[in-house]
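Next up, data.pdb (PDB, C-alpha atoms):
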ATOM      1  CA  MET N   1       0.000   0.000   0.000
ATOM      2  CA  LYS N   2       1.249   3.484  -0.811
ATOM      3  CA  VAL N   3       0.628   6.511   1.366
ATOM      4  CA  LYS N   4       1.400  10.010   0.203
ATOM      5  CA  ILE N   5       0.967  13.372   1.893
ATOM      6  CA  HIS N   6       1.070  16.598  -0.081
ATOM      7  CA  HIS N   7       2.042  19.964   1.401
ATOM      8  CA  LEU N   8       1.086  19.953   5.062
ATOM      9  CA  ARG N   9      -0.323  23.449   5.179
ATOM     10  CA  SER N  10      -0.809  23.425   8.913
ATOM     11  CA  ALA N  11      -1.884  26.872  10.038
ATOM     12  CA  LEU N  12      -3.376  26.992  13.498
ATOM     13  CA  ALA N  13      -4.840  30.392  14.113
ATOM     14  CA  SER N  14      -6.145  32.185  17.140
ATOM     15  CA  GLY N  15      -9.365  34.093  16.681
ATOM     16  CA  ALA N  16     -12.124  33.389  14.209
ATOM     17  CA  ALA N  17     -10.291  32.243  11.114
ATOM     18  CA  LEU N  18      -7.122  31.176   9.369
ATOM     19  CA  THR N  19      -4.948  33.026   6.894
ATOM     20  CA  CYS N  20      -4.981  30.241   4.348
ATOM     21  CA  ALA N  21      -6.426  30.036   0.844
ATOM     22  CA  SER N  22      -8.082  26.748   1.746
ATOM     23  CA  LEU N  23     -10.911  28.497   3.584
ATOM     24  CA  LEU N  24     -14.098  30.157   2.419
ATOM     25  CA  GLY N  25     -16.997  31.610   4.347
ATOM     26  CA  SER N  26     -15.139  33.814   6.825
ATOM     27  CA  ALA N  27     -14.737  37.579   6.799
ATOM     28  CA  ALA N  28     -11.842  37.597   9.289
ATOM     29  CA  LEU N  29      -9.138  35.726   7.377
ATOM     30  CA  SER N  30      -6.747  38.655   7.244
ATOM     31  CA  LYS N  31      -6.926  39.119  11.021
ATOM     32  CA  ALA N  32      -5.970  35.554  11.981
ATOM     33  CA  GLU N  33      -2.586  34.790  13.494
ATOM     34  CA  VAL N  34      -0.757  31.901  11.809
ATOM     35  CA  LEU N  35       0.872  29.832  14.551
ATOM     36  CA  VAL N  36       2.199  26.852  12.560
ATOM     37  CA  PHE N  37       3.071  26.493   8.887
ATOM     38  CA  GLU N  38       4.952  23.825   6.897
ATOM     39  CA  ASP N  39       4.935  23.362   3.115
ATOM     40  CA  PHE N  40       7.812  20.828   2.793
ATOM     41  CA  SER N  41       9.724  23.057   0.379
ATOM     42  CA  TYR N  42      12.925  21.057   0.800
ATOM     43  CA  ALA N  43      15.289  19.496  -1.720
ATOM     44  CA  ASN N  44      14.331  15.912  -2.575
ATOM     45  CA  GLY N  45      15.512  13.387   0.006
ATOM     46  CA  GLY N  46      14.951  12.322   3.577
ATOM     47  CA  LEU N  47      12.717  14.463   5.787
ATOM     48  CA  ASN N  48      14.674  13.661   8.942
ATOM     49  CA  GLY N  49      16.339  16.723  10.446
ATOM     50  CA  ARG N  50      14.685  19.223   8.091
ATOM     51  CA  SER N  51      13.646  22.330   9.986
ATOM     52  CA  GLY N  52      11.774  24.709   7.675
ATOM     53  CA  GLY N  53       8.378  26.193   8.310
ATOM     54  CA  THR N  54       7.337  28.220  11.334
ATOM     55  CA  GLY N  55       5.956  27.498  14.784
ATOM     56  CA  PHE N  56       8.090  24.423  15.477
ATOM     57  CA  SER N  57      10.758  23.629  18.059
ATOM     58  CA  GLY N  58      13.541  21.731  16.302
ATOM     59  CA  GLY N  59      13.440  19.722  13.092
ATOM     60  CA  TRP N  60      11.556  16.660  11.896
ATOM     61  CA  THR N  61      12.312  13.228  13.319
ATOM     62  CA  SER N  62      11.240  11.103  10.396
ATOM     63  CA  SER N  63      11.708   7.969   8.315
ATOM     64  CA  SER N  64       9.853   9.609   5.416
ATOM     65  CA  ASN N  65      11.085  11.230   2.228
ATOM     66  CA  VAL N  66      10.268  14.500   0.495
ATOM     67  CA  THR N  67       9.782  14.611  -3.271
ATOM     68  CA  ALA N  68       8.832  17.846  -5.037
ATOM     69  CA  GLY N  69       7.450  19.363  -1.846
ATOM     70  CA  VAL N  70       5.476  16.265  -0.851
ATOM     71  CA  ALA N  71       6.180  14.071   2.184
ATOM     72  CA  THR N  72       5.701  10.464   1.090
ATOM     73  CA  THR N  73       5.885   6.862   2.191
ATOM     74  CA  THR N  74       5.497   3.603   0.287
ATOM     75  CA  GLY N  75       4.413   0.322   1.828
ATOM     76  CA  ALA N  76       5.859   0.066   5.341
ATOM     77  CA  GLU N  77       4.968   2.265   8.295
ATOM     78  CA  SER N  78       6.671   5.622   7.893
ATOM     79  CA  THR N  79       6.117   8.700  10.000
ATOM     80  CA  GLY N  80       7.437  12.127  10.866
ATOM     81  CA  THR N  81       7.108  13.878  14.219
ATOM     82  CA  ARG N  82       7.860  17.435  15.257
ATOM     83  CA  SER N  83       7.381  19.496  18.406
ATOM     84  CA  LEU N  84       5.494  22.790  18.488
ATOM     85  CA  SER N  85       7.107  25.945  19.832
ATOM     86  CA  THR N  86       3.930  26.844  21.728
ATOM     87  CA  PRO N  87       1.469  24.196  23.003
ATOM     88  CA  PHE N  88      -2.249  24.576  22.359
ATOM     89  CA  ALA N  89      -4.040  26.769  24.896
ATOM     90  CA  SER N  90      -6.911  25.542  27.073
ATOM     91  CA  SER N  91      -9.455  27.780  25.346
ATOM     92  CA  GLY N  92     -10.025  29.462  22.007
ATOM     93  CA  THR N  93     -10.540  28.394  18.394
ATOM     94  CA  LEU N  94      -7.876  27.048  16.038
ATOM     95  CA  TRP N  95      -8.267  26.521  12.287
ATOM     96  CA  LEU N  96      -6.172  23.861  10.595
ATOM     97  CA  SER N  97      -5.694  23.111   6.884
ATOM     98  CA  PHE N  98      -3.630  20.280   5.401
ATOM     99  CA  ASP N  99      -3.438  18.060   2.311
ATOM    100  CA  TRP N 100      -3.360  14.291   2.650
ATOM    101  CA  GLY N 101      -4.382  11.104   0.883
ATOM    102  CA  TYR N 102      -3.543   7.657  -0.418
ATOM    103  CA  SER N 103      -2.426   7.017  -3.992
ATOM    104  CA  SER N 104      -4.567   3.829  -4.038
ATOM    105  CA  GLN N 105      -7.363   2.434  -1.890
ATOM    106  CA  PRO N 106      -5.990   1.222   1.464
ATOM    107  CA  ALA N 107      -6.615  -2.306   2.711
ATOM    108  CA  GLU N 108      -9.422  -2.721   5.231
ATOM    109  CA  GLY N 109      -8.246  -3.512   8.773
ATOM    110  CA  ASP N 110      -4.603  -2.811   7.969
ATOM    111  CA  SER N 111      -3.879   0.910   7.640
ATOM    112  CA  TYR N 112      -3.927   4.292   9.323
ATOM    113  CA  GLY N 113      -2.590   7.717   8.458
ATOM    114  CA  GLY N 114      -3.071  11.450   8.359
ATOM    115  CA  LEU N 115      -2.212  14.097  10.941
ATOM    116  CA  THR N 116      -1.866  13.076  14.595
ATOM    117  CA  PHE N 117      -1.761  15.336  17.674
ATOM    118  CA  TYR N 118       0.428  14.540  20.709
ATOM    119  CA  ILE N 119       0.762  15.705  24.321
ATOM    120  CA  GLY N 120       4.050  14.821  26.021
ATOM    121  CA  GLY N 121       4.709  12.037  23.528
ATOM    122  CA  THR N 122       1.260  10.454  23.955
ATOM    123  CA  GLU N 123      -1.054  10.208  20.940
ATOM    124  CA  LYS N 124      -4.324  12.075  21.523
ATOM    125  CA  PHE N 125      -6.130  12.609  18.225
ATOM    126  CA  LEU N 126      -5.959  11.735  14.518
ATOM    127  CA  ILE N 127      -7.521  13.333  11.448
ATOM    128  CA  GLY N 128      -7.321  11.135   8.361
ATOM    129  CA  ASN N 129      -7.616   7.364   8.618
ATOM    130  CA  THR N 130      -8.135   6.154  12.211
ATOM    131  CA  TRP N 131      -7.641   2.420  11.508
ATOM    132  CA  PRO N 132     -11.362   1.567  11.656
ATOM    133  CA  GLY N 133     -12.683  -1.961  11.240
ATOM    134  CA  SER N 134     -14.033  -0.817   7.895
ATOM    135  CA  GLY N 135     -14.233   2.413   5.952
ATOM    136  CA  HIS N 136     -10.526   2.946   5.258
ATOM    137  CA  ASP N 137     -11.375   4.713   2.013
ATOM    138  CA  VAL N 138     -12.835   7.884   3.579
ATOM    139  CA  TRP N 139     -11.639  10.667   5.872
ATOM    140  CA  ARG N 140     -12.292  10.067   9.574
ATOM    141  CA  MET N 141     -11.405  11.420  13.022
ATOM    142  CA  ASN N 142     -11.119   9.788  16.426
ATOM    143  CA  GLY N 143     -14.490   9.995  18.138
ATOM    144  CA  SER N 144     -16.475  10.633  14.952
ATOM    145  CA  GLY N 145     -18.030   8.754  12.097
ATOM    146  CA  SER N 146     -16.637   8.898   8.580
ATOM    147  CA  SER N 147     -16.852  12.105   6.586
ATOM    148  CA  GLY N 148     -17.958  10.323   3.416
ATOM    149  CA  ALA N 149     -15.105  12.048   1.518
ATOM    150  CA  LEU N 150     -12.731   9.650  -0.267
ATOM    151  CA  ASN N 151      -9.105   9.795   0.860
ATOM    152  CA  TYR N 152      -7.747   8.295  -2.401
ATOM    153  CA  SER N 153      -6.612   8.489  -5.126
ATOM    154  CA  GLY N 154      -4.606  11.643  -4.844
ATOM    155  CA  MET N 155      -4.739  14.361  -2.244
ATOM    156  CA  LYS N 156      -7.682  16.084  -0.604
ATOM    157  CA  THR N 157      -7.596  19.189   1.593
ATOM    158  CA  GLY N 158      -8.950  18.809   5.103
ATOM    159  CA  VAL N 159      -9.987  21.898   7.058
ATOM    160  CA  ALA N 160     -10.710  21.492  10.758
ATOM    161  CA  ARG N 161     -12.076  23.909  13.343
ATOM    162  CA  ILE N 162     -10.749  23.009  16.784
ATOM    163  CA  THR N 163     -12.642  24.453  19.751
ATOM    164  CA  LEU N 164     -10.339  24.144  22.757
ATOM    165  CA  SER N 165     -11.385  23.476  26.318
ATOM    166  CA  ALA N 166      -9.568  22.054  29.349
ATOM    167  CA  GLY N 167      -9.433  18.307  29.869
ATOM    168  CA  ALA N 168     -11.139  15.933  27.465
ATOM    169  CA  THR N 169     -13.755  18.478  26.399
ATOM    170  CA  SER N 170     -12.440  19.950  23.124
ATOM    171  CA  SER N 171     -14.334  19.469  19.867
ATOM    172  CA  VAL N 172     -13.280  19.257  16.216
ATOM    173  CA  GLU N 173     -15.331  19.867  13.057
ATOM    174  CA  LEU N 174     -14.030  18.667   9.680
ATOM    175  CA  TRP N 175     -14.635  19.756   6.083
ATOM    176  CA  VAL N 176     -12.919  18.128   3.078
ATOM    177  CA  GLY N 177     -12.504  19.334  -0.497
ATOM    178  CA  PRO N 178     -10.293  18.986  -3.588
ATOM    179  CA  ALA N 179      -6.619  19.733  -2.995
ATOM    180  CA  GLY N 180      -5.490  23.076  -4.352
ATOM    181  CA  SER N 181      -8.969  24.618  -4.205
ATOM    182  CA  PRO N 182     -10.726  26.588  -1.450
ATOM    183  CA  VAL N 183     -12.765  24.482   0.962
ATOM    184  CA  ASP N 184     -16.154  25.970   1.824
ATOM    185  CA  VAL N 185     -16.637  25.910   5.595
ATOM    186  CA  SER N 186     -19.859  27.919   5.615
ATOM    187  CA  GLY N 187     -22.047  24.801   5.659
ATOM    188  CA  PRO N 188     -22.337  21.945   8.188
ATOM    189  CA  PRO N 189     -19.136  19.916   8.797
ATOM    190  CA  LEU N 190     -18.775  16.458   7.246
ATOM    191  CA  ALA N 191     -17.735  14.989  10.593
ATOM    192  CA  THR N 192     -17.618  16.163  14.220
ATOM    193  CA  ALA N 193     -15.648  14.790  17.180
ATOM    194  CA  THR N 194     -16.393  15.814  20.775
ATOM    195  CA  GLY N 195     -14.876  15.076  24.178
ATOM    196  CA  ARG N 196     -11.301  15.196  22.870
ATOM    197  CA  GLU N 197      -8.161  16.032  24.877
ATOM    198  CA  LEU N 198      -6.456  18.732  22.795
ATOM    199  CA  ALA N 199      -5.567  21.526  25.215
ATOM    200  CA  GLY N 200      -1.795  21.356  25.673
ATOM    201  CA  VAL N 201      -1.013  19.607  22.360
ATOM    202  CA  ASP N 202       2.739  20.078  21.872
ATOM    203  CA  GLY N 203       3.607  17.864  18.895
ATOM    204  CA  LEU N 204       2.424  16.591  15.504
ATOM    205  CA  ARG N 205       2.917  13.395  13.517
ATOM    206  CA  ILE N 206       2.319  12.947   9.792
ATOM    207  CA  LEU N 207       1.928   9.949   7.463
ATOM    208  CA  GLY N 208       1.177   6.439   8.637
ATOM    209  CA  TYR N 209       0.843   2.893   7.311
TER     210      TYR N 209
END
Produce C-alpha cells that represent the structure in this file.
Amino acid sequence: MKVKIHHLRSALASGAALTCASLLGSAALSKAEVLVFEDFSYANGGLNGRSGGTGFSGGWTSSSNVTAGVATTTGAESTGTRSLSTPFASSGTLWLSFDWGYSSQPAEGDSYGGLTFYIGGTEKFLIGNTWPGSGHDVWRMNGSGSSGALNYSGMKTGVARITLSAGATSSVELWVGPAGSPVDVSGPPLATATGRELAGVDGLRILGY
C-alpha cells in the first residue's frame, strides 16, 4: 500500500479564522494569526532533520522522504514527528488546513494515516484514517463517524475547526474538499468529534501505514 501526503499546510490560528487560501466563508481571514506552517519546500531526500516552516521547536524526526514538496511513504509504516514551539491553549478556536491522501485504496483492517496530535509524547487525536474496522477509504477522526469524503486516489484538503477546552472536552469539526482549491466551511461539517483532549497539544505526527 502506498501513502502520500502533499504539502502539510498546517496553520493553526487564534481568533475566528485562518490566513490560508483553503478556507471560504469567513470575513476575518486577514486578522488571523498563523501559529504553525509547513509546506515541505525542501530538496528531494529524507525528511529527517529538516527544519523549515514556522511554529516548530527543532526539526523533523522522520523515516519519510520528500519529493517535489510532498512528504511520502510507500508500503511500510513511515512517519514524521515534530514538536510545536507553543502548546495549544486551554481555550479558544484554532483553524487547521492540510493536504493528505492515499495514492490507491488502502486495505481494510490494515492501515492508518493522516495528521496526529500529541501531548508529552502520547497520541491524543488523529484526522485522516483512524484504523477503523471498515471504511478505510474515507476521511475520519477519532471519536467521529466517517466524513464520506474519499481519501484516495490523490490528495484532498482537510480543514478542521478546533474548539479548545480544558481536559477531554475539546471538539473538532471537519470539512474536506479537492486539494489546491478553497474548501467551503460555511455549511455543516462532514464529521464532528467531541470530548477530545487537545488543550496542551505540543507535537504533531504525519503519514502512517
As an exercise, work out the distance from CA of Phe88 in chain N to CA of Tyr42 in chain N in Å and give it to one decimal place.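 Spanning CA of Phe88 in chain N to CA of Tyr42 in chain N is a straight-line distance of 26.6 Å.
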Which polymer residues have any atom within 7 Å of an atom of range 147-162 of chain N, counting only C-alpha atoms, with same-chain residues fewer than 2 positions away left out, as number ranges by chain? N: 6, 93-105, 137-140, 145, 164, 171-179, 190-191
Let me know the residues the PyMOL selection byres ((chain N and resi 129) around 9) catches in the file above, as a PDB file with C-alpha atoms, keeping the file's coordinate frame.
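The result, written out as part_1.pdb:
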ATOM      1  CA  SER N 111      -3.879   0.910   7.640  1.00  0.00           C
ATOM      2  CA  TYR N 112      -3.927   4.292   9.323  1.00  0.00           C
ATOM      3  CA  GLY N 113      -2.590   7.717   8.458  1.00  0.00           C
ATOM      4  CA  GLY N 114      -3.071  11.450   8.359  1.00  0.00           C
ATOM      5  CA  LEU N 115      -2.212  14.097  10.941  1.00  0.00           C
ATOM      6  CA  LEU N 126      -5.959  11.735  14.518  1.00  0.00           C
ATOM      7  CA  ILE N 127      -7.521  13.333  11.448  1.00  0.00           C
ATOM      8  CA  GLY N 128      -7.321  11.135   8.361  1.00  0.00           C
ATOM      9  CA  THR N 130      -8.135   6.154  12.211  1.00  0.00           C
ATOM     10  CA  TRP N 131      -7.641   2.420  11.508  1.00  0.00           C
ATOM     11  CA  PRO N 132     -11.362   1.567  11.656  1.00  0.00           C
ATOM     12  CA  GLY N 135     -14.233   2.413   5.952  1.00  0.00           C
ATOM     13  CA  HIS N 136     -10.526   2.946   5.258  1.00  0.00           C
ATOM     14  CA  ASP N 137     -11.375   4.713   2.013  1.00  0.00           C
ATOM     15  CA  VAL N 138     -12.835   7.884   3.579  1.00  0.00           C
ATOM     16  CA  TRP N 139     -11.639  10.667   5.872  1.00  0.00           C
ATOM     17  CA  ARG N 140     -12.292  10.067   9.574  1.00  0.00           C
ATOM     18  CA  MET N 141     -11.405  11.420  13.022  1.00  0.00           C
ATOM     19  CA  ASN N 142     -11.119   9.788  16.426  1.00  0.00           C
ATOM     20  CA  ASN N 151      -9.105   9.795   0.860  1.00  0.00           C
ATOM     21  CA  GLY N 208       1.177   6.439   8.637  1.00  0.00           C
TER      22      GLY N 208
END
Using the chain letters and numbers from the file, which residues does the PyMOL selection byres ((chain N and resi 204) around 7) grab, as a ChimeraX atom specification? /N:81-83,115-118,203,205-206
Which residues, written as a list in words, have at least one atom at most 7 Å from Ser64 in chain N, with all atoms listed in the file counted and residues fewer than 6 positions away on the same chain left out?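 Counting all atoms listed in the file, the residues come to Gly46, Leu47, Ala71, Thr72, Thr73, Ser78, Thr79 and Gly80 of chain N.
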Provide the CA of Glu123 in chain N to CA of Phe40 in chain N distance in Å, to one decimal place. 22.8 Å
How many Å separate CA of Arg50 in chain N from CA of Pro106 in chain N?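 Between these atoms lies a distance of 28.2 Å.
Here the question is which of N:Thr86, N:Thr122, N:Thr67, N:Ser57 gets nearest to Ala43 in chain N using all atoms listed in the file, and that residue is N:Thr67.
Shortest atom-to-atom contact with Ser90 in chain N among N:Ser165, N:Ser63, N:Thr54, N:Ser144: N:Ser165, counting all atoms listed in the file.
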